[in-house]
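K.L.:
Here you go, this is protein_39.txt (compact mmCIF, C-alpha atoms).
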# COMPACT_ATOMS: atom_id res chain seq x y z
CA MET A 1 83.51 114.63 108.24
CA LYS A 2 86.12 115.78 105.78
CA THR A 3 87.82 113.22 103.56
CA ILE A 4 90.67 114.23 101.26
CA ASN A 5 92.11 112.12 98.45
CA LYS A 6 95.76 113.10 98.63
CA VAL A 7 98.07 110.96 96.49
CA GLN A 8 101.54 112.48 96.48
CA THR A 9 104.93 110.83 96.49
CA ALA A 10 107.09 112.56 99.02
CA ALA A 11 110.67 112.80 97.89
CA ALA A 12 111.78 113.22 101.47
CA GLY A 13 110.11 109.92 102.35
CA LEU A 14 111.37 107.90 99.42
CA ALA A 15 114.05 106.21 101.48
CA VAL A 16 111.41 105.05 103.92
CA LEU A 17 109.22 103.72 101.14
CA LEU A 18 112.12 101.79 99.69
CA THR A 19 113.10 100.43 103.07
CA LEU A 20 109.58 99.20 103.79
CA SER A 21 109.06 97.61 100.39
CA ALA A 22 110.62 94.23 99.83
CA CYS A 23 112.05 95.30 96.49
CA GLY A 24 114.07 97.91 98.34
CA GLY A 25 115.39 95.47 100.88
CA ALA A 26 112.91 95.69 103.73
CA ALA A 27 114.10 93.76 106.74
CA SER A 28 117.00 92.38 104.76
CA SER A 29 120.26 91.92 106.53
CA THR A 30 123.66 90.90 105.38
CA SER A 31 124.00 87.26 106.35
CA ALA A 32 127.22 85.43 106.88
CA PRO A 33 127.66 82.08 105.09
CA GLY A 34 125.48 79.45 106.74
CA GLU A 35 123.10 81.95 108.38
CA ALA A 36 119.39 81.67 107.75
CA LYS A 37 117.92 83.85 105.02
CA SER A 38 116.08 86.99 106.05
CA LYS A 39 112.33 86.69 105.79
CA THR A 40 112.16 88.99 102.80
CA SER A 41 114.70 87.01 100.79
CA ASP A 42 113.19 83.62 101.63
CA THR A 43 111.06 82.64 98.63
CA ALA A 44 110.50 79.01 99.63
CA ASP A 45 107.01 77.74 98.75
CA ILE A 46 105.28 76.68 101.97
CA SER A 47 102.96 74.40 99.98
CA LYS A 48 105.81 72.26 98.67
CA GLY A 49 105.09 68.66 99.63
CA VAL A 50 101.51 69.40 100.73
CA GLN A 51 99.07 66.88 99.31
CA PRO A 52 95.69 67.73 97.72
CA ASP A 53 92.60 67.29 99.88
CA ALA A 54 90.44 64.70 98.13
CA ALA A 55 87.19 65.99 99.66
CA ALA A 56 87.90 69.54 98.53
CA VAL A 57 88.98 68.42 95.05
CA ALA A 58 85.72 66.45 94.71
CA LEU A 59 83.80 69.73 95.11
CA LEU A 60 85.81 71.51 92.43
CA PRO A 61 83.81 72.47 89.31
CA GLU A 62 84.88 70.76 86.09
CA SER A 63 85.71 74.13 84.54
CA PHE A 64 88.44 74.67 87.13
CA LYS A 65 89.68 71.11 86.90
CA SER A 66 90.04 71.55 83.15
CA LYS A 67 91.77 74.91 83.49
CA GLY A 68 94.01 73.60 86.22
CA GLU A 69 94.65 77.05 87.66
CA LEU A 70 93.31 79.62 90.09
CA THR A 71 93.91 83.36 89.72
CA VAL A 72 94.26 85.23 93.01
CA ALA A 73 94.21 89.04 93.27
CA MET A 74 96.33 90.79 95.90
CA ASP A 75 97.67 94.24 96.61
CA LEU A 76 101.32 93.33 97.21
CA HIS A 77 102.23 96.37 99.32
CA TYR A 78 101.39 95.20 102.83
CA PRO A 79 104.24 93.52 104.71
CA PRO A 80 104.10 91.16 106.51
CA THR A 81 100.75 89.90 105.18
CA THR A 82 101.05 90.52 101.44
CA PHE A 83 104.15 91.84 99.67
CA LEU A 84 107.03 91.12 97.29
CA ALA A 85 110.28 89.46 98.25
CA ASP A 86 113.67 91.10 97.74
CA ASP A 87 113.68 89.72 94.18
CA ASN A 88 110.77 92.11 93.43
CA THR A 89 108.97 89.16 91.83
CA THR A 90 107.89 86.56 94.37
CA PRO A 91 104.77 87.24 96.48
CA ILE A 92 105.45 86.49 100.15
CA GLY A 93 103.67 86.93 103.47
CA VAL A 94 100.86 85.10 105.23
CA ASN A 95 98.29 85.77 102.48
CA PRO A 96 100.41 84.39 99.61
CA ASP A 97 101.26 81.43 101.85
CA ILE A 98 97.60 80.67 102.47
CA ALA A 99 96.66 81.18 98.81
CA ARG A 100 99.36 78.70 97.78
CA LEU A 101 98.13 76.19 100.37
CA VAL A 102 94.52 76.53 99.19
CA ALA A 103 95.54 75.97 95.58
CA LYS A 104 97.60 72.93 96.56
CA LYS A 105 94.67 71.49 98.53
CA LEU A 106 92.62 71.83 95.34
CA ASP A 107 95.41 70.34 93.20
CA LEU A 108 95.57 73.51 91.10
CA LYS A 109 98.32 75.86 90.00
CA LEU A 110 98.17 79.43 91.32
CA LYS A 111 98.51 82.65 89.35
CA PHE A 112 99.07 85.91 91.25
CA GLU A 113 97.71 89.24 90.01
CA ASN A 114 99.11 92.32 91.76
CA THR A 115 96.48 95.07 91.82
CA GLN A 116 95.42 97.99 93.99
CA PHE A 117 93.18 97.09 96.90
CA ASP A 118 90.16 99.07 95.71
CA THR A 119 90.20 97.38 92.27
CA ILE A 120 90.09 93.81 93.61
CA ILE A 121 86.33 93.50 94.16
CA PRO A 122 85.38 94.97 90.75
CA GLY A 123 87.91 92.59 89.20
CA ILE A 124 86.38 89.57 90.91
CA ASP A 125 82.86 90.71 90.05
CA GLY A 126 83.96 91.16 86.44
CA GLY A 127 85.51 87.71 86.22
CA ARG A 128 89.15 88.82 85.90
CA TYR A 129 90.16 87.08 89.16
CA ASP A 130 88.86 83.89 90.78
CA PHE A 131 89.39 84.98 94.39
CA THR A 132 91.37 87.18 96.76
CA VAL A 133 93.28 86.57 99.98
CA THR A 134 94.17 90.11 101.00
CA THR A 135 93.24 90.73 104.67
CA MET A 136 89.73 91.86 103.66
CA SER A 137 86.86 92.05 106.14
CA PRO A 138 83.39 90.69 105.26
CA THR A 139 81.36 93.88 105.44
CA GLU A 140 77.69 94.15 104.55
CA GLU A 141 78.54 96.02 101.36
CA ARG A 142 81.13 93.46 100.23
CA LEU A 143 78.83 90.54 100.96
CA LYS A 144 76.36 91.92 98.43
CA VAL A 145 78.77 90.99 95.63
CA LEU A 146 81.10 88.44 97.23
CA ASP A 147 81.03 85.06 98.92
CA MET A 148 83.59 85.30 101.73
CA VAL A 149 85.39 82.51 103.62
CA THR A 150 87.07 83.38 106.92
CA TYR A 151 90.73 82.52 107.52
CA LEU A 152 92.32 85.07 109.92
CA ASN A 153 91.51 87.45 112.77
CA SER A 154 93.51 90.67 113.01
CA GLY A 155 92.93 94.25 114.17
CA ILE A 156 93.88 97.79 113.17
CA SER A 157 96.12 100.27 114.95
CA VAL A 158 97.44 103.81 114.84
CA ALA A 159 101.05 104.50 113.84
CA VAL A 160 102.82 107.75 114.61
CA VAL A 161 106.37 109.01 114.22
CA HIS A 162 108.82 107.84 116.85
CA GLY A 163 108.36 109.65 120.16
CA ASN A 164 104.79 110.69 119.25
CA PRO A 165 105.60 114.44 119.31
CA LEU A 166 101.97 115.37 118.55
CA ASN A 167 100.78 113.30 121.52
CA ILE A 168 98.25 111.42 119.39
CA SER A 169 96.15 108.72 121.07
CA ASN A 170 93.44 106.31 119.95
CA ASP A 171 90.76 108.73 121.13
CA GLY A 172 92.81 111.86 120.54
CA MET A 173 92.99 112.25 116.75
CA CYS A 174 90.44 115.07 116.49
CA GLY A 175 91.44 117.60 113.85
CA LYS A 176 94.51 115.54 112.89
CA ASN A 177 95.42 114.38 109.38
CA ILE A 178 95.17 110.59 109.53
CA ALA A 179 96.04 108.44 106.51
CA VAL A 180 94.09 105.33 105.53
CA THR A 181 94.13 103.00 102.52
CA LYS A 182 91.62 103.68 99.76
CA GLY A 183 88.83 101.10 99.76
CA SER A 184 89.77 99.68 103.16
CA ASN A 185 87.47 99.25 106.14
CA ALA A 186 89.48 101.96 107.86
CA GLN A 187 88.40 104.44 105.19
CA LEU A 188 84.86 103.22 104.61
CA LYS A 189 83.78 102.37 108.14
CA HIS A 190 86.18 102.47 111.06
CA MET A 191 87.61 105.98 110.87
CA PRO A 192 84.27 107.70 110.17
CA ASN A 193 82.88 105.90 113.23
CA VAL A 194 85.88 106.69 115.43
CA SER A 195 85.71 110.33 114.38
CA LYS A 196 82.03 110.44 115.27
CA TRP A 197 82.43 108.71 118.66
CA THR A 198 85.61 110.35 119.88
CA CYS A 199 85.37 113.79 118.30
CA GLU A 200 82.20 115.03 116.64
CA GLU A 201 79.74 113.87 119.31
CA LYS A 202 81.92 115.64 121.88
CA GLY A 203 81.97 118.92 119.97
CA LYS A 204 85.55 118.48 118.79
CA PRO A 205 86.88 118.82 115.22
CA ALA A 206 86.40 115.74 113.02
CA ILE A 207 89.36 113.59 112.11
CA ASN A 208 90.70 114.72 108.74
CA ILE A 209 90.91 111.44 106.80
CA ILE A 210 93.56 111.31 104.08
CA THR A 211 92.97 108.55 101.53
CA LEU A 212 96.12 107.02 100.01
CA PRO A 213 96.78 103.98 97.76
CA ASN A 214 98.49 101.71 100.30
CA VAL A 215 100.17 101.56 103.71
CA GLN A 216 103.63 102.22 102.30
CA GLU A 217 102.50 105.52 100.80
CA SER A 218 100.81 106.38 104.09
CA LEU A 219 104.00 105.77 106.05
CA THR A 220 106.00 107.78 103.53
CA GLN A 221 103.62 110.69 104.04
CA LEU A 222 103.92 110.24 107.81
CA VAL A 223 107.70 110.46 107.88
CA SER A 224 107.60 113.53 105.60
CA LYS A 225 105.06 115.15 107.98
CA ARG A 226 102.30 115.39 105.39
CA VAL A 227 100.04 113.37 107.68
CA ASP A 228 100.02 113.13 111.46
CA GLY A 229 99.23 109.44 111.81
CA VAL A 230 98.36 106.26 109.93
CA VAL A 231 95.51 103.85 110.65
CA ASP A 232 95.93 100.44 109.05
CA ALA A 233 96.13 96.71 109.76
CA THR A 234 98.10 96.08 112.93
CA PRO A 235 100.46 93.52 111.33
CA SER A 236 101.56 95.97 108.61
CA LEU A 237 102.18 98.80 111.07
CA ALA A 238 103.94 96.52 113.56
CA TRP A 239 106.20 95.31 110.75
CA ALA A 240 107.13 98.89 109.83
CA SER A 241 107.87 99.70 113.45
CA GLU A 242 110.00 96.58 113.79
CA GLN A 243 112.03 97.45 110.70
CA GLN A 244 112.51 101.12 111.67
CA PRO A 245 112.00 101.40 115.45
CA ASN A 246 113.51 104.90 115.52
CA THR A 247 111.13 106.11 112.82
CA PHE A 248 107.69 104.73 113.69
CA GLU A 249 105.82 103.49 116.72
CA VAL A 250 102.45 101.79 117.01
CA LEU A 251 100.03 102.89 119.71
CA ALA A 252 98.76 100.29 122.13
CA PRO A 253 96.20 98.88 122.54
CA GLN A 254 94.74 98.36 119.07
CA LEU A 255 92.14 100.88 117.94
CA ASP A 256 88.69 100.16 119.36
CA THR A 257 86.30 100.16 116.39
CA ARG A 258 83.45 98.37 118.22
CA THR A 259 83.56 95.56 115.66
CA ASP A 260 85.47 92.32 115.19
CA HIS A 261 88.34 92.11 112.75
CA ILE A 262 87.84 88.77 111.07
CA ASN A 263 89.41 88.52 107.62
CA ALA A 264 88.01 86.49 104.75
CA MET A 265 88.85 85.38 101.26
CA GLY A 266 86.53 86.76 98.62
CA LEU A 267 85.09 85.27 95.45
CA LYS A 268 82.15 86.15 93.24
CA LYS A 269 78.74 85.95 94.89
CA GLY A 270 77.19 82.54 94.23
CA SER A 271 80.35 81.24 92.57
CA GLU A 272 80.40 77.53 91.76
CA LEU A 273 83.90 77.57 93.25
CA THR A 274 82.68 78.53 96.74
CA PRO A 275 82.09 75.05 98.24
CA ALA A 276 85.49 73.78 97.09
CA LEU A 277 87.28 76.91 98.28
CA GLN A 278 85.65 76.71 101.70
CA ALA A 279 86.58 73.04 102.05
CA ALA A 280 90.15 73.73 100.95
CA THR A 281 90.45 76.63 103.37
CA GLN A 282 89.24 74.47 106.26
CA SER A 283 91.84 71.89 105.29
CA VAL A 284 94.49 74.64 105.42
CA LEU A 285 93.33 75.84 108.85
CA ASP A 286 93.68 72.26 110.10
CA SER A 287 97.20 71.92 108.71
CA PRO A 288 100.56 72.47 110.46
CA GLU A 289 101.57 74.80 107.62
CA TYR A 290 98.88 77.30 108.69
CA LYS A 291 100.44 77.75 112.12
CA GLU A 292 103.91 77.72 110.58
CA SER A 293 103.02 80.64 108.33
CA LEU A 294 101.35 82.66 111.09
CA ASP A 295 104.32 82.17 113.40
CA LYS A 296 106.81 83.09 110.67
CA TRP A 297 105.10 86.40 110.00
CA GLY A 298 104.47 87.31 113.63
CA LEU A 299 100.74 86.56 113.56
CA GLY A 300 100.60 83.59 115.91
CA GLY A 301 97.67 85.07 117.80
CA ALA A 302 95.59 85.72 114.68
CA GLY A 303 94.73 82.14 113.82
CA ILE A 304 91.17 80.79 113.68
CA THR A 305 89.87 77.22 113.64
CA THR A 306 86.82 77.33 111.35
CA ALA A 307 86.52 78.52 107.76
CA ASN A 308 83.03 80.02 107.85
CA LEU A 309 81.13 81.09 104.77
CA LYS A 310 79.78 84.61 105.16
Once more with this new file: its structure as structure tokens, please.
P.N.:
Amino acid sequence: MKTINKVQTAAAGLAVLLTLSACGGAASSTSAPGEAKSKTSDTADISKGVQPDAAAVALLPESFKSKGELTVAMDLHYPPTTFLADDNTTPIGVNPDIARLVAKKLDLKLKFENTQFDTIIPGIDGGRYDFTVTTMSPTEERLKVLDMVTYLNSGISVAVVHGNPLNISNDGMCGKNIAVTKGSNAQLKHMPNVSKWTCEEKGKPAINIITLPNVQESLTQLVSKRVDGVVDATPSLAWASEQQPNTFEVLAPQLDTRTDHINAMGLKKGSELTPALQAATQSVLDSPEYKESLDKWGLGGAGITTANLK
């Protein structure tokens, strides 16, 4: 299978990139006085008023109690799960919500570090970040260097330009240029498998996988016709389609990758923080704020009930 690393900013797609990013006003609308804020301008902290969980705090290592802070790494380019608000400063989405809730359950402050997806694991392994909540799946490779605590269940889908002029389907991407995010499961596992099952084993051309930094860049390349489709997390693609229904559409059903799509927080393998983080995450899953966040970001069906340690 052919994989190309193609990182280009398409001038023709810049307007799309700006529209999809919160700093450019994604999903923002002009509200009359008294109307509710748009989601992307609402920077309210969901953890405000949430009380620490005594059992989770009791498991917290003294080093973290003394420091009083957790550092969480995220790639803030993935609405509606992980992105920046219209102020271009405040992290918003279901992942920042959950990270804030976990920190509050542990009675700690939270520091966000915005970094590219494929640099998160090396950063955690190197001690620069304490953990990540970034819609990451617990793969065999990741579990060699990370402890992972489950918190969400979501899938991946295929996005195409509106009207699907190339007639792309979930099992009809052979020979097409399909963009994925560098370091994601789509790049490392799912798309190679889908290409093998749906194309190569049937004597058809392999899917031409185009590796890009994030979903926004992928969608920019899609609208400028540099790629034929995008495979990424369903929530991110559904968000893009919702914001620009005449530009993108998401194929249904979700892409069959023959695996589950559980998402997990990650922290360094064998970390002394792991027991406390797992307990805090379970406390979050049991809280009304968890459902509130999922519903707000259109992920009501992605909730789970148990924070398992992988």
K.L.:
What lies within 10 Å of Asp42 (chain A) using all atoms listed in the file, ignoring chain neighbours under 3 positions off, as a list in words?
P.N.:
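Listing them by chain and then by number gives Ala36, Lys37, Ser38, Lys39, Asp45, Ala85, Asp86, Asp87, Thr90 and Ile92 of chain A.
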K.L.:
Name all residues at most 9 Å from Leu76 (chain A) (count all atoms listed in the file; drop same-chain ones fewer than 4 positions away) and give them as an NGL selection string.
P.N.:
:A and (81-84 or 91-92 or 114-117 or 134)
K.L.:
May I ask for the distance between CA of Ile210 (chain A) and CA of Val231 (chain A), given in Å to one decimal place?
P.N.:
10.1 Å
K.L.:
Considering all atoms listed in the file, can you say which of A:Leu212, A:Val158, A:Ala276, A:Ala307 comes closest to Leu255 (chain A)?
P.N.:
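Among the listed residues, the smallest separation from Leu255 (chain A) belongs to A:Val158.
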K.L.:
Can you list, as a ChimeraX atom specification, every protein, DNA or RNA residue that comes within 12 Å of Thr139 (chain A) when you count all atoms listed in the file, leaving out same-chain residues fewer than 3 positions away?
P.N.:
/A:136,142-148,183-186,188-190,259-264,266,310
K.L.:
Find, counting only C-alpha atoms, the residue in A:Pro122, A:Gly172, A:Gly298, A:Gly93 that gets nearest to Lys269 (chain A).
P.N.:
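Once distances to Lys269 (chain A) are computed over only C-alpha atoms, the minimum belongs to A:Pro122.
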K.L.:
Pick the closest to Asp171 (chain A) from A:Pro138, A:Leu110, A:Glu242, A:Ala252: which is it, counting all atoms listed in the file?
P.N.:
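Nearest to Asp171 (chain A): A:Ala252.
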K.L.:
Could you state the separation of CA of Asn164 (chain A) and CA of Leu299 (chain A) in Å, given to one decimal place?
P.N.:
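CA of Asn164 (chain A) sits 25.1 Å away from CA of Leu299 (chain A).
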K.L.:
Let me make sure I understand: among A:Pro79, A:Pro96, A:Pro253, A:Gly68, which one has the smallest atom-to-atom distance to Leu108 (chain A) if we use all atoms listed in the file?
P.N.:
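Smallest separation from Leu108 (chain A) among the options: A:Gly68.
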K.L.:
So what do you get for CA of Val230 (chain A) versus CA of Glu217 (chain A), distance-wise?
P.N.:
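Value for the CA of Val230 (chain A)-CA of Glu217 (chain A) distance: 10.1 Å.
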K.L.:
Choose the residue, out of A:Thr135, A:Asn208, A:Ser293, A:Ser66, that has the smallest atom-to-atom separation from Gly229 (chain A); count all atoms listed in the file.
P.N.:
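That would be A:Asn208, the residue with the smallest distance to Gly229 (chain A).
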K.L.:
Ranking A:Glu62, A:Asp53, A:Glu249, A:Asp118 by minimum distance to Gln282 (chain A) and counting only C-alpha atoms, which one comes first?
P.N.:
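Nearest to Gln282 (chain A): A:Asp53.
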K.L.:
Which protein, DNA or RNA residues have an atom at most 12 Å from (93.2, 114.5, 116.3), counting all atoms listed in the file? List them as a PyMOL selection string.
P.N.:
chain A and resi 158+160+166-179+191+194-196+198-200+204-209+227-230
K.L.:
Using the incomplete input, complete region 157-181 of chain A to the level of N, CA and C atoms; output as a CSV table (one decimal), keeping the file's coordinate frame.
P.N.:
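Printed below is selection-v4.csv as written:
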chain,number,residue,atom,x,y,z
A,157,SER,N,95.4,99.4,114.0
A,157,SER,CA,96.1,100.3,115.0
A,157,SER,C,96.5,101.6,114.4
A,158,VAL,N,97.0,102.5,115.2
A,158,VAL,CA,97.4,103.8,114.8
A,158,VAL,C,99.0,103.8,114.9
A,159,ALA,N,99.6,104.3,113.8
A,159,ALA,CA,101.0,104.5,113.8
A,159,ALA,C,101.4,106.0,113.8
A,160,VAL,N,102.4,106.4,114.6
A,160,VAL,CA,102.8,107.8,114.6
A,160,VAL,C,104.3,107.8,114.5
A,161,VAL,N,104.9,108.9,114.3
A,161,VAL,CA,106.4,109.0,114.2
A,161,VAL,C,106.9,108.7,115.6
A,162,HIS,N,108.2,108.2,115.6
A,162,HIS,CA,108.8,107.8,116.8
A,162,HIS,C,108.8,109.0,117.9
A,163,GLY,N,108.4,108.6,119.1
A,163,GLY,CA,108.4,109.6,120.2
A,163,GLY,C,107.0,110.3,120.3
A,164,ASN,N,106.2,110.1,119.2
A,164,ASN,CA,104.8,110.7,119.2
A,164,ASN,C,104.8,112.2,119.7
A,165,PRO,N,105.5,113.0,118.9
A,165,PRO,CA,105.6,114.4,119.3
A,165,PRO,C,104.3,115.2,119.3
A,166,LEU,N,103.3,114.7,118.6
A,166,LEU,CA,102.0,115.4,118.6
A,166,LEU,C,101.0,114.8,119.6
A,167,ASN,N,101.5,113.9,120.4
A,167,ASN,CA,100.8,113.3,121.5
A,167,ASN,C,99.4,112.7,121.1
A,168,ILE,N,99.5,112.0,119.9
A,168,ILE,CA,98.2,111.4,119.4
A,168,ILE,C,97.9,110.2,120.2
A,169,SER,N,96.6,109.9,120.4
A,169,SER,CA,96.2,108.7,121.1
A,169,SER,C,95.0,108.1,120.3
A,170,ASN,N,94.5,107.0,120.7
A,170,ASN,CA,93.4,106.3,120.0
A,170,ASN,C,92.2,107.2,120.0
A,171,ASP,N,91.9,107.9,121.1
A,171,ASP,CA,90.8,108.7,121.1
A,171,ASP,C,91.1,110.2,121.1
A,172,GLY,N,92.3,110.5,120.6
A,172,GLY,CA,92.8,111.9,120.5
A,172,GLY,C,93.4,112.2,119.2
A,173,MET,N,92.6,111.9,118.1
A,173,MET,CA,93.0,112.2,116.8
A,173,MET,C,92.1,113.4,116.2
A,174,CYS,N,91.4,114.0,117.0
A,174,CYS,CA,90.4,115.1,116.5
A,174,CYS,C,91.2,116.2,115.8
A,175,GLY,N,90.8,116.5,114.6
A,175,GLY,CA,91.4,117.6,113.8
A,175,GLY,C,92.8,117.2,113.2
A,176,LYS,N,93.2,116.0,113.4
A,176,LYS,CA,94.5,115.5,112.9
A,176,LYS,C,94.3,114.9,111.5
A,177,ASN,N,95.4,115.0,110.7
A,177,ASN,CA,95.4,114.4,109.4
A,177,ASN,C,95.8,112.9,109.5
A,178,ILE,N,94.9,112.0,109.3
A,178,ILE,CA,95.2,110.6,109.5
A,178,ILE,C,95.0,109.8,108.2
A,179,ALA,N,96.1,109.1,107.8
A,179,ALA,CA,96.0,108.4,106.5
A,179,ALA,C,95.4,107.0,106.6
A,180,VAL,N,94.7,106.7,105.6
A,180,VAL,CA,94.1,105.3,105.5
A,180,VAL,C,94.2,104.9,104.1
A,181,THR,N,94.0,103.6,103.9
A,181,THR,CA,94.1,103.0,102.5
A,181,THR,C,92.8,103.1,101.8
